[in-house]
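**Student:** Let me begin by handing over the structure; questions about it come next.
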Amino acid sequence: MVNLYRDTGVVLRTHKLGEADRIVTLLTRRHGKVRAVAKGVRRTSSRFGARLEPFGHVDVQFYTGRTLDVITQVETVDAFQVPLVADYQSYTAASAIAETADRLSAEEGEPVLKLYLLVVGALRALADGTRDSSLVLDAFFLRAMSYAGWAPALTECARCGLPGPHKAFSVAAGGSMCQDCRIAGCVHPAPEVLALLTALLHGEWPLAESTLPGTRRDASGLVAAHLQWHLERQLRSLPLVERRPRESTVTSGASPQAGGSATRTPEGQAVTAGASPQARGSATPERQVLPGQ
């Protein structure tokens, strides 16, 4: 029928509607972000209510409605939500991934195939549990930022293009900066931090997984600050993300803080993983997280 269409998608979030319905937001393969009504899913007798929980990878049939489409059939493709809800660290990372995907796919009905593949790959990596959830999350952030056109300059100067690595990093300027181009408010991450960001962006997992916890914390702070700077708002789920305890300090002047890593600017201002986009010297990036990469 003309009014029916089918697509595979990932459930990003849900909202209650009336006494028994929900509005479900999905990121689909062919139709981009879709908001649809799932009728009666909050009743215990619902046939597919459990399949439409956040992080579920499903095959959905929609009926085109006047304002919102209606979900008429659901089949599970991957039940990512089952292992994710059983592990708090993975669950919080998945929540940040879903919120970021929702923000980056602002226009409903616009195909965003690469972003969809990024989300599915990242959730699959988290559900498998074979990689550290913090590394998976930062890799997703970096690659999603690259998809959105906000990838930071890591191996060259963001302003003049001079090959690096360089010691200064500025979110506002777009990444690493050479000595001649550096501006006020730059942070000075250790070389290992920039090497980790580059490895995550390009899927060099053996190198990324060999890094020290302190290096991962500092990299997470730059990634989170860079992402939120370009989104022009703070991710609500990011401060809740559970990171592994920081065991060492790699970046000069960095100090561990609850809820995220910290890199200090020359003026002594700390930039944490949960920093707001207005924080001076903050930073962030991202690409596709697929199995084996």
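Every chain in the structure tokens has a letter given in the order shown (A, B, ...), and although residue numbers restart at 1 in each chain, ligands are simply numbered from 1 in the order shown.
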I need the residues of region 35-146 of chain A that end up classed as strand (DSSP E or B) by DSSP on the backbone, written out as a PyMOL selection string.
**Tutor:** chain A and resi 35-38+57-63+69-78+108
**Student:** Let's see if you can do this: from backbone DSSP, list all alpha helix (DSSP H) residues in region 71-282 of chain A, as a PyMOL selection string.
**Tutor:** chain A and resi 81-85+88-104+113-128+133-148+191-202+205-209+213-231
**Student:** Excluding same-chain residues fewer than 6 positions from region 171-183 of chain A, what lies within 9 Å of it counting only C-alpha atoms, as a list in words?
**Tutor:** Trp150, Ala151, Pro152, Ala153, Leu154, Thr155, Glu156, Cys157, Ala158, Arg159, Cys160, Gly161, Leu162, Pro163, Gly164, Pro165, Leu194, Leu222, Ala225, His226, Trp229, His230, Arg280, Gly281, Ser282, Ala283 and Thr284 of chain A
**Student:** May I ask which of the residues A:Asp78, A:Glu204, A:Asp218, A:Asp59 is the closest one to Arg124 (chain A), counting only C-alpha atoms?
**Tutor:**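 The closest residue to Arg124 (chain A) is A:Asp78.
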**Student:** So, counting only C-alpha atoms, which residue among A:Thr215, A:Gln228, A:Ser134, A:Gln81 is closest to His57 (chain A)?
**Tutor:**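 The answer is A:Gln81, which sits nearest to His57 (chain A).
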**Student:** Can you pull out the residues contacting region 102-111 of chain A? Cut-off 9 Å, using only C-alpha atoms, and skip same-chain residues under 5 positions away; I want them as a ChimeraX atom specification.
**Tutor:** /A:12-13,25-35,97,116,144-145,148,231
**Student:** Excluding Ala94 (chain A) and its own-chain neighbours fewer than 6 positions away, which residues fall within 12 Å of it when counting only C-alpha atoms? Please give them as a VMD selection string.
**Tutor:** chain A and resid 10 to 13 54 to 56 80 to 81 83 to 85 87 to 88 100 to 101 119 to 127 133 to 134 136 to 138 140 to 141 237 to 238 240 to 242
**Student:** In Å, how far is it from CA of Ala190 (chain A) to CA of Ser210 (chain A)?
**Tutor:** 15.6 Å
**Student:** Skipping near chain neighbours, those fewer than 6 positions away, what residues fall within 7 Å of Ala208 (chain A) using only C-alpha atoms, listed as an MDAnalysis selection string?
**Tutor:** chainID A and resid 196 199:200
